[in-house]
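Colleague: Below: one structure in structure tokens.
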Amino acid sequence: MTDELMISDLIYKELIEEITPEESRVLKKWLEEPANRALYDRIRQKNGLGRRLYEYVDVDSLKDFRSTLPAPAPAAPRRSLRLRYALYAAALVPLLVAAIFFGARIGGDGWTGVSHPEIVHNSEGAQLILSSGQVVDLAADEGRPVVLAEANAVVDARDGERTLSYKKAEAAAAPVPEAAVTAAPAMHTLVVPRGVNYNVELSDGTVVYLDADSRLEYPVYFAGDSREVTVSGRAYFDVAHDAEHPFIVRTARAAIRVFGTEFCVSASGSQSVTTLVKGSVGLFDAGSGEQLAMLTPGQQAVVSGDECVVQQVETLYQTAWKDGYFIFESKSVGSIMEELSAWYNIDYVLKDSLRDVNITARIKRYDNVESVLDILSKTRSVNFKRDGRVITVIN
Amino acid sequence: MMKNQLIRAFQRGEEWAFRKVYEQFFSPLCIYAVKYVRDASEAQDIVQDVFAALWLQHDNFSNYYTIRSFLYISVRNRSLNLLKKNLLANEKMIHVQQNTLSEAQESEMVIETEVERRLMAAIESLPTECRRVLVLSIEGKSYQEIGELLHIAINTVKNHRIRAVKKLREMML
């Protein structure tokens, strides 16, 4: 152990240029071993370091800790649709009643939290990364429009309304100068951290609602045959109709091709879930370009691994977040906590035995986290203990 | 505040010194323990217990290095013990076997955790631009590349880098 710690000191000293010639010789010797060299390079390249910085996320040690945890167990197989709806209807009624009676009360008998500072959802901290890599803090100028000019794009950011607009004002809609047509349009990336949501209106009038903990990459104006954007996290698209220029949404797993429609995408890691509300969309493999499915309204496609599964869903549950609600329909506590953690920017501790407990509830998203936890605990399935920004789920 | 001062306060059993050590090491040690036990709450329990043990014998530690070794060694031993116990209980047998680590892997885990811990703690304390310059340079970018990326003059990059390094040298742990 002392050896490892000594080496770690040498590496650190080298990084901050405090290493002595003698120490440097020891480190060089150690680095001769290829495995050691690989480790050293890995530490220096640790992409978390640079990435975290660019996103400006406050370094929160507990959050780092959470990100190292093993992934949650796969959800249990779903029951048949009809049964699920019946359960939903049955469970929702008493819950709504509970919400009316207890919703506003903090510290009801099912809730063991004491006097903590309120955790409410907030709208600060969204950031825009320009093609140059420059980071613009959208919350810095709250309430006032921020205008950025880059590559013929005028960005109107009104943080008070949590909206960013690339749609050109009538006067500015003059043809793009020759020079700009040949050059590719600048790419912007909107980064929405936990605890925030944000809307962006693209240059063609398409509106994208970005949920907490999501990012969207798009050109400041659309050029060429198609309109292409890349998303991770969760987003709702209201695509402006333009039959000549298909709109393509890329995730790590899929490319979604549409003309004018409304749909919701959630993409995390290797999974991509597309839910169609209106119109029609085609789903393609991100790698091979092979067509995976055509969706009709009310259908949801889940792409993960080599599989694409299409099922009929009630889109209300998939898009409720956009209208300011959490609607959980026999949803596992694991994924509920994940969602709450993104929205309220909290951390949570959850035993594996509780992860797959299912809960059904409809709760206003803008309430503080206490009200939400209070309502959830009324289901008698789980209870919560709060310590600062960390919520522990208990039986 | 000097490292020595912290250690003396620690030996005298002053709570602020203990808290300082706790803040610096708690999360990294949890990350370290999770690599063995693959369970967040078990990892957290282990680290909590180790800190309790550390606090009970606070007057035994004469310097920062012994505290640090104690923490890593104890977390490692307790994690391995837990794995052994689970193995005996025959409950998580398959699970444990999959996660058995080689000696080399174990060493790498310590080195990685500790360098990362010091870097993250140090970087956190830097002003934003300074911090970005430092990270980019650790990632191996030249002054010129950093200047282009951040839209600042090369001299500004140099100054930030010097300031960052100077601040890091002053860091306590």
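Residues are referred to by chain and number: the chain letter is A, B, ... according to the order shown in the structure tokens, the number counts from 1 in that chain, and ligands are numbered separately from 1 in the order shown.
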Counting only C-alpha atoms, a student should be able to say which residues of chain B come within 9 Å of chain A; what is the right answer, written as number ranges by chain?

Modeller: B: 26-28, 30-31, 34-35, 38-41, 65, 68-69, 72-73, 107-108, 110-116, 118-120, 124, 128, 131-132, 135-136, 138-140, 148-151, 164-166, 168-169

Colleague: Could you name the residues that touch segment 196-212 of chain A at 8 Å or less, counting only C-alpha atoms, but leaving out those on the same chain fewer than 4 positions away, as a short mmCIF file (atom, residue, chain, number, x, y, z; two decimals) with all heavy atoms, in the first residue's frame?

Modeller:
data_model
loop_
_atom_site.label_atom_id
_atom_site.label_comp_id
_atom_site.auth_asym_id
_atom_site.auth_seq_id
_atom_site.Cartn_x
_atom_site.Cartn_y
_atom_site.Cartn_z
N HIS A 121 -37.01 23.01 -7.34
CA HIS A 121 -36.46 23.01 -8.68
C HIS A 121 -36.09 24.44 -9.05
O HIS A 121 -36.76 25.37 -8.66
CB HIS A 121 -37.53 22.46 -9.62
CG HIS A 121 -37.35 22.94 -10.99
ND1 HIS A 121 -36.42 22.41 -11.82
CD2 HIS A 121 -37.96 23.94 -11.66
CE1 HIS A 121 -36.48 23.05 -12.96
NE2 HIS A 121 -37.41 23.98 -12.89
N ASN A 122 -35.01 24.65 -9.76
CA ASN A 122 -34.66 26.02 -10.14
C ASN A 122 -34.33 26.08 -11.61
O ASN A 122 -34.21 25.07 -12.28
CB ASN A 122 -33.48 26.52 -9.30
CG ASN A 122 -32.20 25.84 -9.73
OD1 ASN A 122 -31.60 26.23 -10.72
ND2 ASN A 122 -31.79 24.81 -9.01
N SER A 123 -34.21 27.30 -12.12
CA SER A 123 -34.01 27.42 -13.56
C SER A 123 -32.68 28.06 -13.87
O SER A 123 -32.53 28.77 -14.84
CB SER A 123 -35.14 28.24 -14.15
OG SER A 123 -35.00 29.57 -13.70
N GLU A 124 -31.69 27.86 -13.00
CA GLU A 124 -30.40 28.46 -13.27
C GLU A 124 -29.40 27.42 -13.72
O GLU A 124 -29.53 26.25 -13.36
CB GLU A 124 -29.88 29.16 -12.02
CG GLU A 124 -30.60 30.46 -11.79
CD GLU A 124 -30.23 31.04 -10.44
OE1 GLU A 124 -29.96 30.27 -9.52
OE2 GLU A 124 -30.20 32.26 -10.35
N GLY A 125 -28.43 27.85 -14.47
CA GLY A 125 -27.32 26.95 -14.75
C GLY A 125 -27.29 26.34 -16.14
O GLY A 125 -26.37 25.61 -16.44
N ALA A 126 -28.28 26.63 -17.02
CA ALA A 126 -28.18 26.10 -18.37
C ALA A 126 -27.05 26.83 -19.09
O ALA A 126 -26.80 28.01 -18.84
CB ALA A 126 -29.49 26.27 -19.12
N ARG A 162 -36.65 30.82 -19.83
CA ARG A 162 -35.90 29.60 -20.12
C ARG A 162 -36.05 29.19 -21.58
O ARG A 162 -36.34 28.04 -21.89
CB ARG A 162 -36.35 28.46 -19.20
CG ARG A 162 -36.24 28.79 -17.73
CD ARG A 162 -36.35 27.55 -16.89
NE ARG A 162 -37.59 26.86 -17.07
CZ ARG A 162 -38.66 27.04 -16.31
NH1 ARG A 162 -38.60 27.86 -15.31
NH2 ARG A 162 -39.76 26.37 -16.54
N THR A 163 -35.92 30.18 -22.45
CA THR A 163 -36.03 29.88 -23.88
C THR A 163 -34.86 30.50 -24.62
O THR A 163 -34.38 31.57 -24.26
CB THR A 163 -37.30 30.50 -24.49
OG1 THR A 163 -38.32 30.49 -23.53
CG2 THR A 163 -37.73 29.74 -25.70
N LEU A 164 -34.46 29.81 -25.66
CA LEU A 164 -33.39 30.29 -26.51
C LEU A 164 -33.96 30.25 -27.91
O LEU A 164 -34.57 29.27 -28.30
CB LEU A 164 -32.26 29.28 -26.38
CG LEU A 164 -30.87 29.63 -26.82
CD1 LEU A 164 -30.35 30.78 -25.98
CD2 LEU A 164 -29.98 28.41 -26.57
N SER A 165 -33.81 31.35 -28.66
CA SER A 165 -34.43 31.34 -29.97
C SER A 165 -33.44 31.67 -31.07
O SER A 165 -32.69 32.63 -30.97
CB SER A 165 -35.59 32.34 -30.02
OG SER A 165 -36.08 32.40 -31.34
N TYR A 166 -33.45 30.86 -32.13
CA TYR A 166 -32.59 31.09 -33.28
C TYR A 166 -33.41 31.54 -34.48
O TYR A 166 -32.91 31.64 -35.57
CB TYR A 166 -31.84 29.82 -33.67
CG TYR A 166 -30.79 29.45 -32.66
CD1 TYR A 166 -31.13 28.83 -31.48
CD2 TYR A 166 -29.46 29.78 -32.89
CE1 TYR A 166 -30.17 28.50 -30.55
CE2 TYR A 166 -28.50 29.45 -31.97
CZ TYR A 166 -28.85 28.81 -30.80
OH TYR A 166 -27.91 28.50 -29.88
N LYS A 167 -34.72 31.70 -34.25
CA LYS A 167 -35.57 32.06 -35.36
C LYS A 167 -35.28 33.51 -35.71
O LYS A 167 -35.27 34.39 -34.86
CB LYS A 167 -37.04 31.89 -34.98
CG LYS A 167 -37.87 31.67 -36.21
CD LYS A 167 -39.28 31.31 -35.89
CE LYS A 167 -40.05 31.21 -37.19
NZ LYS A 167 -41.48 31.12 -36.96
N LYS A 168 -35.05 33.75 -37.01
CA LYS A 168 -34.66 35.09 -37.42
C LYS A 168 -35.84 36.04 -37.38
O LYS A 168 -36.94 35.68 -37.78
CB LYS A 168 -34.09 35.04 -38.83
CG LYS A 168 -32.73 34.39 -38.86
CD LYS A 168 -32.08 34.53 -40.21
CE LYS A 168 -30.82 33.69 -40.26
NZ LYS A 168 -30.89 32.66 -41.27
N VAL A 192 -28.14 21.32 -20.47
CA VAL A 192 -29.09 21.57 -19.39
C VAL A 192 -28.73 20.65 -18.22
O VAL A 192 -28.82 19.44 -18.35
CB VAL A 192 -30.53 21.30 -19.86
CG1 VAL A 192 -31.53 21.65 -18.78
CG2 VAL A 192 -30.82 22.09 -21.14
N LEU A 216 -28.35 19.11 -26.26
CA LEU A 216 -28.77 19.12 -27.64
C LEU A 216 -27.72 19.87 -28.46
O LEU A 216 -27.31 20.97 -28.10
CB LEU A 216 -30.12 19.84 -27.77
CG LEU A 216 -30.70 19.93 -29.19
CD1 LEU A 216 -31.23 18.57 -29.61
CD2 LEU A 216 -31.81 20.97 -29.26
N VAL A 220 -26.57 26.61 -36.02
CA VAL A 220 -27.27 27.85 -35.76
C VAL A 220 -28.29 28.15 -36.86
O VAL A 220 -29.26 28.85 -36.64
CB VAL A 220 -26.30 29.04 -35.58
CG1 VAL A 220 -25.46 28.84 -34.33
CG2 VAL A 220 -25.40 29.19 -36.79
N TYR A 221 -28.06 27.65 -38.06
CA TYR A 221 -29.11 27.64 -39.07
C TYR A 221 -28.95 26.37 -39.89
O TYR A 221 -27.89 25.76 -39.89
CB TYR A 221 -29.06 28.89 -39.97
CG TYR A 221 -27.77 29.02 -40.77
CD1 TYR A 221 -27.64 28.42 -42.03
CD2 TYR A 221 -26.68 29.71 -40.26
CE1 TYR A 221 -26.46 28.51 -42.75
CE2 TYR A 221 -25.49 29.81 -40.97
CZ TYR A 221 -25.39 29.21 -42.21
OH TYR A 221 -24.23 29.28 -42.91
N PHE A 222 -30.05 25.93 -40.54
CA PHE A 222 -29.97 24.69 -41.27
C PHE A 222 -29.54 24.94 -42.71
O PHE A 222 -30.07 25.81 -43.38
CB PHE A 222 -31.32 23.96 -41.24
CG PHE A 222 -31.65 23.43 -39.88
CD1 PHE A 222 -32.65 24.01 -39.12
CD2 PHE A 222 -30.93 22.38 -39.35
CE1 PHE A 222 -32.95 23.52 -37.85
CE2 PHE A 222 -31.22 21.88 -38.08
CZ PHE A 222 -32.23 22.47 -37.33
N GLY A 233 -30.17 12.51 -23.27
CA GLY A 233 -31.08 12.90 -22.20
C GLY A 233 -32.50 12.81 -22.73
O GLY A 233 -32.80 11.92 -23.51
N ARG A 234 -33.37 13.76 -22.33
CA ARG A 234 -34.76 13.64 -22.75
C ARG A 234 -35.23 14.94 -23.40
O ARG A 234 -35.02 16.02 -22.86
CB ARG A 234 -35.63 13.32 -21.56
CG ARG A 234 -37.07 13.06 -21.95
CD ARG A 234 -37.75 12.16 -21.00
NE ARG A 234 -38.00 12.85 -19.74
CZ ARG A 234 -38.71 12.31 -18.75
NH1 ARG A 234 -39.21 11.12 -18.86
NH2 ARG A 234 -38.88 12.98 -17.65
N ALA A 235 -35.87 14.82 -24.54
CA ALA A 235 -36.33 16.01 -25.25
C ALA A 235 -37.65 15.75 -25.95
O ALA A 235 -37.93 14.63 -26.39
CB ALA A 235 -35.28 16.43 -26.27
N TYR A 236 -38.46 16.80 -26.05
CA TYR A 236 -39.72 16.72 -26.77
C TYR A 236 -39.59 17.62 -27.98
O TYR A 236 -39.24 18.79 -27.85
CB TYR A 236 -40.85 17.20 -25.86
CG TYR A 236 -42.23 17.04 -26.48
CD1 TYR A 236 -42.98 15.90 -26.24
CD2 TYR A 236 -42.78 18.04 -27.28
CE1 TYR A 236 -44.23 15.74 -26.80
CE2 TYR A 236 -44.03 17.90 -27.83
CZ TYR A 236 -44.77 16.74 -27.59
OH TYR A 236 -46.01 16.60 -28.14
N PHE A 237 -39.86 17.08 -29.18
CA PHE A 237 -39.68 17.85 -30.41
C PHE A 237 -41.02 18.21 -31.02
O PHE A 237 -41.87 17.35 -31.21
CB PHE A 237 -38.90 17.03 -31.45
CG PHE A 237 -37.46 16.86 -31.11
CD1 PHE A 237 -37.03 15.82 -30.29
CD2 PHE A 237 -36.50 17.74 -31.61
CE1 PHE A 237 -35.70 15.66 -29.99
CE2 PHE A 237 -35.15 17.57 -31.30
CZ PHE A 237 -34.76 16.54 -30.49
N ASP A 238 -41.19 19.48 -31.33
CA ASP A 238 -42.34 19.92 -32.10
C ASP A 238 -41.74 20.45 -33.41
O ASP A 238 -41.29 21.60 -33.49
CB ASP A 238 -43.08 21.00 -31.31
CG ASP A 238 -44.36 21.42 -32.01
OD1 ASP A 238 -44.57 21.01 -33.16
OD2 ASP A 238 -45.14 22.15 -31.39
N VAL A 239 -41.71 19.57 -34.42
CA VAL A 239 -40.94 19.86 -35.62
C VAL A 239 -41.75 20.67 -36.63
O VAL A 239 -42.88 20.30 -36.97
CB VAL A 239 -40.46 18.54 -36.28
CG1 VAL A 239 -39.72 18.83 -37.58
CG2 VAL A 239 -39.57 17.78 -35.32
N ALA A 240 -41.18 21.77 -37.11
CA ALA A 240 -41.83 22.58 -38.12
C ALA A 240 -41.90 21.80 -39.43
O ALA A 240 -40.92 21.17 -39.83
CB ALA A 240 -41.06 23.88 -38.30
N TRP A 321 -43.85 15.27 -18.40
CA TRP A 321 -42.79 16.12 -17.85
C TRP A 321 -42.80 17.49 -18.51
O TRP A 321 -42.55 18.51 -17.88
CB TRP A 321 -41.41 15.46 -18.02
CG TRP A 321 -41.03 15.19 -19.45
CD1 TRP A 321 -41.30 14.07 -20.17
CD2 TRP A 321 -40.32 16.05 -20.32
NE1 TRP A 321 -40.80 14.20 -21.43
CE2 TRP A 321 -40.20 15.39 -21.55
CE3 TRP A 321 -39.75 17.33 -20.18
CZ2 TRP A 321 -39.54 15.96 -22.65
CZ3 TRP A 321 -39.10 17.89 -21.26
CH2 TRP A 321 -39.01 17.22 -22.48
N LYS A 322 -43.13 17.51 -19.81
CA LYS A 322 -43.12 18.75 -20.55
C LYS A 322 -44.21 19.70 -20.04
O LYS A 322 -44.06 20.91 -20.07
CB LYS A 322 -43.35 18.43 -22.03
CG LYS A 322 -43.49 19.62 -22.93
CD LYS A 322 -43.61 19.19 -24.37
CE LYS A 322 -45.02 18.90 -24.83
NZ LYS A 322 -46.00 19.91 -24.82
N ALA A 342 -32.61 14.11 -11.03
CA ALA A 342 -32.28 15.02 -12.12
C ALA A 342 -33.04 16.33 -11.98
O ALA A 342 -32.51 17.40 -12.25
CB ALA A 342 -32.60 14.37 -13.47
N TRP A 343 -34.26 16.23 -11.55
CA TRP A 343 -35.10 17.43 -11.51
C TRP A 343 -34.76 18.35 -10.35
O TRP A 343 -34.70 19.56 -10.47
CB TRP A 343 -36.57 17.02 -11.49
CG TRP A 343 -37.48 18.19 -11.61
CD1 TRP A 343 -38.28 18.69 -10.63
CD2 TRP A 343 -37.67 19.04 -12.74
NE1 TRP A 343 -38.97 19.77 -11.10
CE2 TRP A 343 -38.61 20.01 -12.40
CE3 TRP A 343 -37.11 19.06 -14.03
CZ2 TRP A 343 -39.03 21.00 -13.28
CZ3 TRP A 343 -37.53 20.05 -14.91
CH2 TRP A 343 -38.47 21.01 -14.52
#

Colleague: Find the residues around Ser272 of chain A up to 7 Å (only C-alpha atoms counted), leave out those fewer than 3 positions away in its own chain, and share them as an mmCIF file with N, CA and C atoms, in the first residue's frame.

Modeller:
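Wrote it out as part33.cif, contents follow:
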data_model
loop_
_atom_site.group_PDB
_atom_site.id
_atom_site.type_symbol
_atom_site.label_atom_id
_atom_site.label_comp_id
_atom_site.auth_asym_id
_atom_site.auth_seq_id
_atom_site.Cartn_x
_atom_site.Cartn_y
_atom_site.Cartn_z
ATOM 1 N N THR A 251 -29.378 9.993 -31.890
ATOM 2 C CA THR A 251 -28.961 9.630 -30.543
ATOM 3 C C THR A 251 -27.816 8.655 -30.734
ATOM 4 N N ARG A 253 -27.848 5.606 -30.362
ATOM 5 C CA ARG A 253 -28.316 4.348 -30.926
ATOM 6 C C ARG A 253 -29.124 4.479 -32.203
ATOM 7 N N ALA A 254 -29.801 5.621 -32.394
ATOM 8 C CA ALA A 254 -30.756 5.665 -33.494
ATOM 9 C C ALA A 254 -30.756 7.013 -34.194
ATOM 10 N N SER A 266 -35.980 9.927 -25.404
ATOM 11 C CA SER A 266 -35.028 9.912 -24.295
ATOM 12 C C SER A 266 -33.909 8.957 -24.624
ATOM 13 N N ALA A 267 -32.711 9.478 -24.545
ATOM 14 C CA ALA A 267 -31.540 8.712 -24.942
ATOM 15 C C ALA A 267 -30.535 8.749 -23.819
ATOM 16 N N SER A 268 -30.189 7.565 -23.309
ATOM 17 C CA SER A 268 -29.133 7.529 -22.303
ATOM 18 C C SER A 268 -28.260 6.343 -22.625
ATOM 19 N N VAL A 302 -38.318 1.225 -28.444
ATOM 20 C CA VAL A 302 -37.160 1.186 -27.550
ATOM 21 C C VAL A 302 -36.028 0.485 -28.288
ATOM 22 N N VAL A 303 -34.958 1.208 -28.531
ATOM 23 C CA VAL A 303 -33.802 0.616 -29.202
ATOM 24 C C VAL A 303 -32.706 0.415 -28.171
ATOM 25 N N SER A 304 -32.305 -0.827 -27.950
ATOM 26 C CA SER A 304 -31.156 -1.078 -27.075
ATOM 27 C C SER A 304 -30.525 -2.376 -27.505
#

Colleague: Write out as a CSV table (one decimal) with all heavy atoms, in the first residue's frame the residues lying within 9 Å of Val357 of chain A, counting only C-alpha atoms and excluding same-chain residues fewer than 2 positions away.

Modeller:
chain,number,residue,atom,x,y,z
A,330,SER,N,-47.1,2.6,-12.5
A,330,SER,CA,-46.3,1.4,-11.9
A,330,SER,C,-44.9,1.5,-12.3
A,330,SER,O,-44.3,0.7,-13.0
A,330,SER,CB,-46.9,0.1,-12.2
A,330,SER,OG,-47.7,0.1,-13.4
A,331,LYS,N,-44.2,2.5,-11.9
A,331,LYS,CA,-42.8,2.8,-12.2
A,331,LYS,C,-42.0,2.4,-11.0
A,331,LYS,O,-42.3,2.5,-9.9
A,331,LYS,CB,-42.6,4.3,-12.5
A,331,LYS,CG,-41.4,4.6,-13.3
A,331,LYS,CD,-41.4,6.0,-13.8
A,331,LYS,CE,-40.2,6.1,-14.7
A,331,LYS,NZ,-40.2,7.4,-15.4
A,332,SER,N,-40.8,1.8,-11.3
A,332,SER,CA,-39.9,1.3,-10.2
A,332,SER,C,-39.3,2.5,-9.4
A,332,SER,O,-39.1,3.6,-10.0
A,332,SER,CB,-38.8,0.5,-10.8
A,332,SER,OG,-37.9,1.3,-11.4
A,333,VAL,N,-39.2,2.3,-8.1
A,333,VAL,CA,-38.6,3.3,-7.3
A,333,VAL,C,-37.2,3.8,-7.8
A,333,VAL,O,-36.9,4.9,-7.7
A,333,VAL,CB,-38.5,2.8,-5.8
A,333,VAL,CG1,-37.8,3.8,-4.9
A,333,VAL,CG2,-39.9,2.6,-5.3
A,334,GLY,N,-36.5,2.8,-8.4
A,334,GLY,CA,-35.2,3.1,-8.9
A,334,GLY,C,-35.3,4.2,-10.0
A,334,GLY,O,-34.6,5.2,-9.9
A,353,SER,N,-33.0,-3.8,-2.5
A,353,SER,CA,-34.3,-4.5,-2.3
A,353,SER,C,-35.5,-3.6,-2.5
A,353,SER,O,-36.6,-4.1,-2.7
A,353,SER,CB,-34.3,-5.0,-0.8
A,353,SER,OG,-34.2,-3.9,0.0
A,354,LEU,N,-35.2,-2.3,-2.5
A,354,LEU,CA,-36.4,-1.3,-2.8
A,354,LEU,C,-36.4,-0.9,-4.2
A,354,LEU,O,-37.4,-0.3,-4.6
A,354,LEU,CB,-36.2,-0.1,-1.9
A,354,LEU,CG,-36.4,-0.4,-0.4
A,354,LEU,CD1,-36.1,0.9,0.4
A,354,LEU,CD2,-37.9,-0.8,-0.1
A,355,ARG,N,-35.4,-1.1,-5.0
A,355,ARG,CA,-35.2,-0.6,-6.3
A,355,ARG,C,-36.4,-0.9,-7.2
A,355,ARG,O,-36.9,-0.1,-8.0
A,355,ARG,CB,-33.9,-1.1,-6.9
A,355,ARG,CG,-33.3,-0.2,-8.0
A,355,ARG,CD,-32.0,-0.7,-8.4
A,355,ARG,NE,-30.9,-0.2,-7.5
A,355,ARG,CZ,-30.5,1.0,-7.6
A,355,ARG,NH1,-31.0,1.9,-8.4
A,355,ARG,NH2,-29.5,1.4,-6.8
A,359,ILE,N,-44.5,2.1,-8.1
A,359,ILE,CA,-45.4,3.1,-7.5
A,359,ILE,C,-46.2,3.8,-8.7
A,359,ILE,O,-45.6,4.0,-9.8
A,359,ILE,CB,-44.6,4.2,-6.8
A,359,ILE,CG1,-44.0,3.6,-5.5
A,359,ILE,CG2,-45.5,5.4,-6.4
A,359,ILE,CD1,-43.3,4.5,-4.6
A,381,SER,N,-45.6,2.4,0.2
A,381,SER,CA,-44.6,1.4,-0.3
A,381,SER,C,-43.2,1.8,0.1
A,381,SER,O,-42.4,0.9,0.3
A,381,SER,CB,-44.6,1.5,-1.9
A,381,SER,OG,-45.9,1.3,-2.4
A,382,VAL,N,-42.9,3.1,0.3
A,382,VAL,CA,-41.6,3.5,0.7
A,382,VAL,C,-41.7,4.7,1.6
A,382,VAL,O,-42.8,5.3,1.8
A,382,VAL,CB,-40.7,4.0,-0.5
A,382,VAL,CG1,-40.2,2.8,-1.3
A,382,VAL,CG2,-41.5,4.9,-1.4

Colleague: Which residue, A:Leu276, A:Ile346, A:Ile375, A:Leu283, has the smallest gap to Ile248 of chain A when you use only C-alpha atoms?

Modeller: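 The shortest atom-to-atom distance to Ile248 of chain A comes from A:Leu283.
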
Colleague: Find the residues around segment 16-22 of chain B up to 8 Å (only C-alpha atoms counted), leave out those fewer than 2 positions away in its own chain, and share them as a CSV table (one decimal) with all heavy atoms, in the first residue's frame.

Modeller:
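The result, written out as around_0.csv:
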chain,number,residue,atom,x,y,z
B,6,LEU,N,-2.6,21.0,11.0
B,6,LEU,CA,-3.8,20.2,10.9
B,6,LEU,C,-3.6,18.9,11.6
B,6,LEU,O,-4.4,18.4,12.4
B,6,LEU,CB,-4.1,19.9,9.4
B,6,LEU,CG,-5.3,18.9,9.2
B,6,LEU,CD1,-6.6,19.6,9.3
B,6,LEU,CD2,-5.1,18.2,7.9
B,7,ILE,N,-2.4,18.3,11.4
B,7,ILE,CA,-2.1,17.1,12.1
B,7,ILE,C,-2.0,17.2,13.6
B,7,ILE,O,-2.6,16.4,14.4
B,7,ILE,CB,-0.7,16.5,11.6
B,7,ILE,CG1,-0.8,16.2,10.1
B,7,ILE,CG2,-0.4,15.2,12.4
B,7,ILE,CD1,-2.0,15.3,9.7
B,9,ALA,N,-3.7,19.4,15.4
B,9,ALA,CA,-5.1,19.5,15.8
B,9,ALA,C,-5.8,18.2,15.8
B,9,ALA,O,-6.5,17.9,16.7
B,9,ALA,CB,-5.8,20.5,14.9
B,10,PHE,N,-5.4,17.4,14.8
B,10,PHE,CA,-6.0,16.1,14.7
B,10,PHE,C,-5.6,15.2,15.9
B,10,PHE,O,-6.5,14.6,16.5
B,10,PHE,CB,-5.5,15.4,13.4
B,10,PHE,CG,-6.2,14.1,13.1
B,10,PHE,CD1,-7.4,14.1,12.3
B,10,PHE,CD2,-5.8,12.9,13.6
B,10,PHE,CE1,-8.0,12.9,12.0
B,10,PHE,CE2,-6.4,11.7,13.3
B,10,PHE,CZ,-7.5,11.7,12.5
B,13,GLY,N,-7.4,15.8,18.9
B,13,GLY,CA,-8.8,15.5,18.9
B,13,GLY,C,-9.7,16.6,18.6
B,13,GLY,O,-10.8,16.7,19.0
B,14,GLU,N,-9.2,17.6,17.9
B,14,GLU,CA,-10.1,18.8,17.5
B,14,GLU,C,-10.9,18.4,16.3
B,14,GLU,O,-10.4,17.9,15.3
B,14,GLU,CB,-9.2,20.0,17.2
B,14,GLU,CG,-8.6,20.6,18.5
B,14,GLU,CD,-7.6,21.7,18.3
B,14,GLU,OE1,-7.8,22.4,17.2
B,14,GLU,OE2,-6.7,21.9,19.1
B,24,GLN,N,-12.1,15.4,2.8
B,24,GLN,CA,-11.1,15.1,1.7
B,24,GLN,C,-11.1,13.7,1.2
B,24,GLN,O,-10.9,13.4,0.1
B,24,GLN,CB,-9.7,15.4,2.2
B,24,GLN,CG,-9.4,16.9,2.3
B,24,GLN,CD,-8.8,17.4,1.0
B,24,GLN,OE1,-8.0,16.7,0.4
B,24,GLN,NE2,-9.2,18.5,0.6
B,25,PHE,N,-11.4,12.8,2.2
B,25,PHE,CA,-11.3,11.3,1.8
B,25,PHE,C,-12.5,10.6,1.7
B,25,PHE,O,-12.5,9.5,1.2
B,25,PHE,CB,-10.4,10.6,2.9
B,25,PHE,CG,-8.9,10.9,2.7
B,25,PHE,CD1,-8.3,12.0,3.4
B,25,PHE,CD2,-8.1,10.2,1.9
B,25,PHE,CE1,-7.0,12.3,3.3
B,25,PHE,CE2,-6.8,10.5,1.7
B,25,PHE,CZ,-6.2,11.5,2.4
B,26,PHE,N,-13.6,11.1,2.2
B,26,PHE,CA,-14.9,10.2,2.3
B,26,PHE,C,-15.3,9.7,0.9
B,26,PHE,O,-15.3,8.5,0.7
B,26,PHE,CB,-16.0,10.9,3.0
B,26,PHE,CG,-17.2,10.0,3.2
B,26,PHE,CD1,-17.2,9.1,4.2
B,26,PHE,CD2,-18.3,10.1,2.3
B,26,PHE,CE1,-18.3,8.3,4.4
B,26,PHE,CE2,-19.3,9.2,2.4
B,26,PHE,CZ,-19.3,8.3,3.5
B,51,PHE,N,-13.7,5.5,9.3
B,51,PHE,CA,-13.5,6.8,9.9
B,51,PHE,C,-13.8,6.8,11.4
B,51,PHE,O,-13.1,7.5,12.2
B,51,PHE,CB,-14.4,7.9,9.3
B,51,PHE,CG,-13.8,8.5,8.1
B,51,PHE,CD1,-14.2,8.2,6.8
B,51,PHE,CD2,-12.7,9.4,8.2
B,51,PHE,CE1,-13.6,8.7,5.7
B,51,PHE,CE2,-12.1,10.0,7.1
B,51,PHE,CZ,-12.5,9.6,5.8
B,55,TRP,N,-11.0,7.9,14.2
B,55,TRP,CA,-11.3,8.9,15.2
B,55,TRP,C,-11.0,8.4,16.6
B,55,TRP,O,-10.5,9.1,17.5
B,55,TRP,CB,-12.8,9.4,15.1
B,55,TRP,CG,-13.1,10.5,15.9
B,55,TRP,CD1,-14.2,10.6,16.8
B,55,TRP,CD2,-12.4,11.8,16.0
B,55,TRP,NE1,-14.2,11.9,17.4
B,55,TRP,CE2,-13.1,12.6,16.9
B,55,TRP,CE3,-11.3,12.3,15.4
B,55,TRP,CZ2,-12.7,13.9,17.3
B,55,TRP,CZ3,-10.9,13.6,15.7
B,55,TRP,CH2,-11.6,14.4,16.6
